[in-house]
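File shown here: final16.txt, holding compact mmCIF, C-alpha atoms and all ligand atoms.
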```
# COMPACT_ATOMS: atom_id res chain seq x y z
CA MET A 1223 0.00 0.00 0.00
CA PHE A 1224 2.73 2.43 0.91
CA ASP A 1225 4.52 1.64 -2.34
CA ASP A 1226 1.35 2.36 -4.28
CA LEU A 1227 0.94 5.65 -2.51
CA THR A 1228 4.54 6.55 -3.27
CA ASP A 1229 4.00 5.72 -6.94
CA LEU A 1230 0.88 7.89 -7.02
CA TYR A 1231 2.81 10.79 -5.50
CA GLN A 1232 5.60 10.31 -8.03
CA GLN A 1233 3.09 10.41 -10.88
CA VAL A 1234 1.58 13.67 -9.60
CA ILE A 1235 5.05 15.20 -9.28
CA LEU A 1236 6.04 14.07 -12.78
CA ASP A 1237 2.78 15.37 -14.23
CA HIS A 1238 3.29 18.82 -12.67
CA SER A 1239 6.95 18.97 -13.69
CA ARG A 1240 6.13 18.10 -17.30
CA SER A 1241 3.04 20.31 -17.53
CA PRO A 1242 3.48 23.00 -14.90
CA ARG A 1243 0.34 24.95 -14.00
CA ASN A 1244 0.36 28.76 -14.03
CA PHE A 1245 3.67 28.67 -15.92
CA HIS A 1246 3.53 32.19 -17.36
CA PRO A 1247 4.23 35.78 -16.34
CA LEU A 1248 1.41 37.99 -15.03
CA HIS A 1249 0.51 41.48 -16.27
CA PRO A 1250 0.32 43.58 -14.26
CA VAL A 1251 2.46 42.28 -11.39
CA ASP A 1252 1.75 43.46 -7.84
CA ARG A 1253 4.49 41.45 -6.09
CA GLN A 1254 7.38 39.45 -7.49
CA ALA A 1255 10.49 37.62 -6.39
CA GLU A 1256 13.35 35.72 -7.88
CA GLY A 1257 14.95 32.73 -6.24
CA THR A 1258 17.79 30.32 -6.90
CA ASN A 1259 18.92 27.04 -5.45
CA PRO A 1260 22.63 26.94 -6.37
CA LEU A 1261 23.03 23.36 -5.10
CA CYS A 1262 20.78 22.01 -7.85
CA GLY A 1263 20.66 24.89 -10.35
CA ASP A 1264 16.95 25.58 -9.82
CA GLN A 1265 15.76 29.06 -10.68
CA ILE A 1266 12.32 30.66 -10.30
CA THR A 1267 10.64 33.99 -10.97
CA LEU A 1268 7.34 34.29 -9.12
CA HIS A 1269 4.61 36.82 -9.92
CA LEU A 1270 1.63 37.65 -7.71
CA GLN A 1271 -1.49 39.71 -8.25
CA MET A 1272 -3.16 40.88 -5.05
CA ASP A 1273 -6.77 41.67 -4.23
CA GLY A 1274 -6.43 43.65 -1.01
CA ASP A 1275 -4.69 41.35 1.44
CA ARG A 1276 -5.36 38.19 -0.56
CA ILE A 1277 -3.49 36.62 -3.45
CA LYS A 1278 -5.67 36.83 -6.54
CA ASP A 1279 -3.44 35.16 -9.13
CA VAL A 1280 -0.04 33.50 -9.28
CA GLY A 1281 2.32 32.82 -12.15
CA PHE A 1282 5.86 31.54 -12.33
CA GLN A 1283 8.69 31.00 -14.76
CA GLY A 1284 12.01 29.32 -14.39
CA SER A 1285 13.95 26.14 -14.85
CA GLY A 1286 15.14 23.35 -12.66
CA CYS A 1287 14.64 19.78 -11.57
CA ALA A 1288 11.32 17.93 -11.46
CA ILE A 1289 10.89 18.51 -7.71
CA SER A 1290 11.37 22.28 -7.87
CA LYS A 1291 9.11 22.65 -10.89
CA ALA A 1292 6.36 20.45 -9.46
CA SER A 1293 6.63 22.24 -6.11
CA ALA A 1294 6.21 25.62 -7.83
CA SER A 1295 3.33 24.35 -9.96
CA ILE A 1296 1.35 22.89 -7.05
CA MET A 1297 2.18 25.89 -4.84
CA THR A 1298 0.73 28.32 -7.39
CA GLU A 1299 -2.56 26.43 -7.25
CA VAL A 1300 -2.59 26.40 -3.45
CA LEU A 1301 -1.69 30.09 -2.97
CA LYS A 1302 -4.70 31.61 -4.73
CA GLY A 1303 -7.01 33.27 -2.20
CA ARG A 1304 -4.46 33.10 0.65
CA THR A 1305 -3.32 35.93 2.88
CA PRO A 1306 0.39 36.56 3.64
CA ALA A 1307 -0.10 35.14 7.16
CA GLU A 1308 -1.61 31.96 5.72
CA VAL A 1309 1.28 31.62 3.27
CA ARG A 1310 3.85 31.93 6.07
CA ARG A 1311 2.02 29.25 8.06
CA LEU A 1312 1.93 26.98 5.02
CA PHE A 1313 5.67 27.59 4.49
CA ASP A 1314 6.36 26.30 8.02
CA ARG A 1315 4.06 23.29 7.58
CA VAL A 1316 5.55 22.33 4.21
CA HIS A 1317 9.08 22.76 5.58
CA GLU A 1318 8.22 20.49 8.50
CA MET A 1319 6.75 17.92 6.11
CA VAL A 1320 9.69 17.81 3.67
CA THR A 1321 12.30 17.69 6.43
CA THR A 1322 10.61 15.19 8.80
CA GLY A 1323 7.89 13.47 6.74
CA ARG A 1324 5.33 14.54 9.37
CA GLN A 1325 2.11 16.39 8.67
CA ASP A 1326 0.54 18.04 11.68
CA GLY A 1327 -2.72 19.94 11.80
CA GLU A 1328 -4.95 20.66 8.84
CA ASP A 1329 -4.79 18.51 5.73
CA LEU A 1330 -2.14 19.80 3.34
CA GLY A 1331 -4.08 18.45 0.36
CA LYS A 1332 -2.07 18.24 -2.85
CA LEU A 1333 1.07 19.44 -1.06
CA ALA A 1334 1.22 16.04 0.64
CA VAL A 1335 2.77 14.58 -2.53
CA PHE A 1336 6.08 16.05 -1.29
CA THR A 1337 6.07 14.05 1.96
CA GLY A 1338 8.62 11.61 0.51
CA VAL A 1339 11.16 14.39 -0.04
CA HIS A 1340 12.34 13.97 3.57
CA LYS A 1341 14.03 10.74 2.47
CA PHE A 1342 16.17 12.78 0.05
CA PRO A 1343 17.68 15.65 2.10
CA ALA A 1344 19.42 17.14 -0.96
CA ARG A 1345 15.97 17.72 -2.48
CA VAL A 1346 14.53 19.69 0.44
CA LYS A 1347 15.89 22.95 -0.97
CA CYS A 1348 14.41 22.15 -4.39
CA ALA A 1349 10.97 21.71 -2.84
CA MET A 1350 11.29 24.83 -0.64
CA LEU A 1351 12.66 27.23 -3.29
CA PRO A 1352 9.23 28.34 -4.58
CA TRP A 1353 8.06 28.87 -0.99
CA HIS A 1354 11.08 31.07 -0.22
CA ALA A 1355 10.19 33.09 -3.32
CA ALA A 1356 6.54 33.39 -2.25
CA VAL A 1357 7.42 34.70 1.22
CA ALA A 1358 9.99 37.11 -0.27
CA ALA A 1359 7.42 38.43 -2.78
CA LEU A 1360 4.84 39.01 -0.04
CA GLU A 1361 7.40 40.76 2.16
CA GLY A 1362 8.36 43.03 -0.74
CA ASN A 1363 11.90 41.70 -0.71
CA THR A 1364 13.37 42.81 -4.05
CA LYS A 1365 16.73 41.09 -3.59
CA PRO A 1366 16.89 37.64 -5.22
CA VAL A 1367 16.46 34.93 -2.58
CA THR A 1368 18.68 31.89 -2.37
CA THR A 1369 18.30 28.66 -0.49
CA GLU A 1370 21.97 28.93 0.60
ZN ZN B 1 16.35 20.91 -7.74
```
For the file at hand, write its structure as structure tokens.
Amino acid sequence: MFDDLTDLYQQVILDHSRSPRNFHPLHPVDRQAEGTNPLCGDQITLHLQMDGDRIKDVGFQGSGCAISKASASIMTEVLKGRTPAEVRRLFDRVHEMVTTGRQDGEDLGKLAVFTGVHKFPARVKCAMLPWHAAVAALEGNTKPVTTE
């Protein structure tokens, strides 16, 4: 059963890395951030449109490994409608999940496909890169963020 679940997660990750969702720039852009993961060579540019204190639309561009691309793709779907405080809480929850394999509290939904990343510590930064970019964009941090 666990193997089947792992296979399902791998399929979702592969699907999102091959056909990333929201993989385009936004016009106009209210918030944006650039991020790099030098260890793997992942690179992302994240665009946000805001509606008051909530994220209205998300787009990203960039290049990198399957994990970083799938993480960005699924994150863009999850972020719509969220407030900056909710995004920071999700960042902490996702970080906990990819470093320990544990999911505490509310169901993380689609993000749970990254649970297995904790078995591959070198991939944690790939999975977290888009989240670093999201927090930087919401904080108005104009300097490129890096996972190092
Ligand atoms: Zn990577």
Any chance you could tabulate, as a tab-separated table, the residues of stretch 1257-1335 of chain A at most 12 Å from stretch 1343-1350 of chain A with each one's nearest atom pair and distance in Å to one decimal, using all atoms listed in the file, in chain and rising number order?
```
residue	atom	partner	partner_atom	distance
A:Gly1257	CA	A:Met1350	CA	10.4
A:Thr1258	CA	A:Cys1348	CA	9.2
A:Asn1259	CA	A:Cys1348	CA	6.7
A:Pro1260	CA	A:Lys1347	CA	9.5
A:Leu1261	CA	A:Lys1347	CA	8.3
A:Cys1262	CA	A:Cys1348	CA	7.3
A:Gly1263	CA	A:Cys1348	CA	9.1
A:Asp1264	CA	A:Cys1348	CA	6.9
A:Gln1265	CA	A:Cys1348	CA	9.4
A:Ile1266	CA	A:Cys1348	CA	10.6
A:Ser1285	CA	A:Cys1348	CA	11.2
A:Gly1286	CA	A:Cys1348	CA	8.4
A:Cys1287	CA	A:Cys1348	CA	7.6
A:Ala1288	CA	A:Cys1348	CA	8.8
A:Ile1289	CA	A:Ala1349	CA	5.8
A:Ser1290	CA	A:Cys1348	CA	4.6
A:Lys1291	CA	A:Ala1349	CA	8.3
A:Ala1292	CA	A:Ala1349	CA	8.2
A:Ser1293	CA	A:Ala1349	CA	5.5
A:Ala1294	CA	A:Ala1349	CA	7.9
A:Ser1295	CA	A:Ala1349	CA	10.8
A:Ile1296	CA	A:Ala1349	CA	10.6
A:Met1297	CA	A:Ala1349	CA	9.9
A:Leu1312	CA	A:Met1350	CA	11.1
A:Phe1313	CA	A:Met1350	CA	8.1
A:Asp1314	CA	A:Met1350	CA	10.1
A:Arg1315	CA	A:Met1350	CA	11.1
A:Val1316	CA	A:Met1350	CA	7.9
A:His1317	CA	A:Met1350	CA	6.9
A:Glu1318	CA	A:Val1346	CA	10.3
A:Met1319	CA	A:Val1346	CA	9.8
A:Val1320	CA	A:Val1346	CA	6.1
A:Thr1321	CA	A:Val1346	CA	6.7
A:Thr1322	CA	A:Pro1343	CA	9.8
A:Gly1323	CA	A:Pro1343	CA	11.1
A:Leu1333	CA	A:Ala1349	CA	10.3
A:Ala1334	CA	A:Ala1349	CA	11.8
A:Val1335	CA	A:Ala1349	CA	10.9
```
Next, dump the selected residues to file, keeping only C-alpha atoms, as a PDB file, in the coordinates of the input.
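In the end it all went to again.pdb:
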```pdb
ATOM      1  CA  GLY A1257      14.950  32.730  -6.240  1.00  0.00           C
ATOM      2  CA  THR A1258      17.790  30.320  -6.900  1.00  0.00           C
ATOM      3  CA  ASN A1259      18.920  27.040  -5.450  1.00  0.00           C
ATOM      4  CA  PRO A1260      22.630  26.940  -6.370  1.00  0.00           C
ATOM      5  CA  LEU A1261      23.030  23.360  -5.100  1.00  0.00           C
ATOM      6  CA  CYS A1262      20.780  22.010  -7.850  1.00  0.00           C
ATOM      7  CA  GLY A1263      20.660  24.890 -10.350  1.00  0.00           C
ATOM      8  CA  ASP A1264      16.950  25.580  -9.820  1.00  0.00           C
ATOM      9  CA  GLN A1265      15.760  29.060 -10.680  1.00  0.00           C
ATOM     10  CA  ILE A1266      12.320  30.660 -10.300  1.00  0.00           C
ATOM     11  CA  SER A1285      13.950  26.140 -14.850  1.00  0.00           C
ATOM     12  CA  GLY A1286      15.140  23.350 -12.660  1.00  0.00           C
ATOM     13  CA  CYS A1287      14.640  19.780 -11.570  1.00  0.00           C
ATOM     14  CA  ALA A1288      11.320  17.930 -11.460  1.00  0.00           C
ATOM     15  CA  ILE A1289      10.890  18.510  -7.710  1.00  0.00           C
ATOM     16  CA  SER A1290      11.370  22.280  -7.870  1.00  0.00           C
ATOM     17  CA  LYS A1291       9.110  22.650 -10.890  1.00  0.00           C
ATOM     18  CA  ALA A1292       6.360  20.450  -9.460  1.00  0.00           C
ATOM     19  CA  SER A1293       6.630  22.240  -6.110  1.00  0.00           C
ATOM     20  CA  ALA A1294       6.210  25.620  -7.830  1.00  0.00           C
ATOM     21  CA  SER A1295       3.330  24.350  -9.960  1.00  0.00           C
ATOM     22  CA  ILE A1296       1.350  22.890  -7.050  1.00  0.00           C
ATOM     23  CA  MET A1297       2.180  25.890  -4.840  1.00  0.00           C
ATOM     24  CA  LEU A1312       1.930  26.980   5.020  1.00  0.00           C
ATOM     25  CA  PHE A1313       5.670  27.590   4.490  1.00  0.00           C
ATOM     26  CA  ASP A1314       6.360  26.300   8.020  1.00  0.00           C
ATOM     27  CA  ARG A1315       4.060  23.290   7.580  1.00  0.00           C
ATOM     28  CA  VAL A1316       5.550  22.330   4.210  1.00  0.00           C
ATOM     29  CA  HIS A1317       9.080  22.760   5.580  1.00  0.00           C
ATOM     30  CA  GLU A1318       8.220  20.490   8.500  1.00  0.00           C
ATOM     31  CA  MET A1319       6.750  17.920   6.110  1.00  0.00           C
ATOM     32  CA  VAL A1320       9.690  17.810   3.670  1.00  0.00           C
ATOM     33  CA  THR A1321      12.300  17.690   6.430  1.00  0.00           C
ATOM     34  CA  THR A1322      10.610  15.190   8.800  1.00  0.00           C
ATOM     35  CA  GLY A1323       7.890  13.470   6.740  1.00  0.00           C
ATOM     36  CA  LEU A1333       1.070  19.440  -1.060  1.00  0.00           C
ATOM     37  CA  ALA A1334       1.220  16.040   0.640  1.00  0.00           C
ATOM     38  CA  VAL A1335       2.770  14.580  -2.530  1.00  0.00           C
TER      39      VAL A1335
END
```
- Message: Within 10 Å of (0.7, 14.2, -8.0) in the file's own coordinates, which protein, DNA or RNA residues have an atom, counting only C-alpha atoms? List them as a VMD selection string.
- Response: chain A and resid 1228 to 1239 1292 1296 1332 to 1336
- Query: Which distance in Å separates atom CA of A:Pro1247 and atom CA of A:Leu1330, to one decimal?
  - Reply: 26.1 Å
- Residue with smallest distance to A:Thr1267 - pool A:Gly1338, A:Pro1242, A:Pro1366, A:Pro1306, counting only C-alpha atoms: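 Among the listed residues, A:Pro1366 lies closest to A:Thr1267.
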- Query: For ligand ZN 1 (chain B), which of A:Ala1307, A:Leu1351, A:Ala1358, A:Val1367 is the closest residue, counting all atoms listed in the file?
  - Reply: A:Leu1351
- Query: From the set A:Gln1271, A:Thr1364, A:Gln1254, A:Thr1337, which residue has the shortest atom-to-atom contact distance to A:Lys1302, counting all atoms listed in the file?
  - Reply: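 Counting all atoms listed in the file, the residue closest to A:Lys1302 is A:Gln1271.
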- Message: When you count only C-alpha atoms, which of these residues is closest to A:Gly1331: A:Glu1299, A:Asp1273, A:Glu1361, A:Glu1370?
- Response: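 That would be A:Glu1299, the residue with the smallest distance to A:Gly1331.
Minimum distance to A:Pro1250 across A:Ala1355, A:Arg1304, A:Gly1281, A:Asp1275 (counting all atoms listed in the file) occurs at A:Gly1281.
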- Nearest to ligand ZN 1 (chain B): which of A:Thr1369, A:Lys1341, A:Glu1328, A:Asp1252 is it, counting all atoms listed in the file? A:Thr1369
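Straight-line separation from atom CA of A:Leu1268 to atom CA of A:Ala1255: 5.3 Å.
Of note, atom CA of A:Phe1342 and atom CA of A:Gln1325 are spaced 16.9 Å apart.
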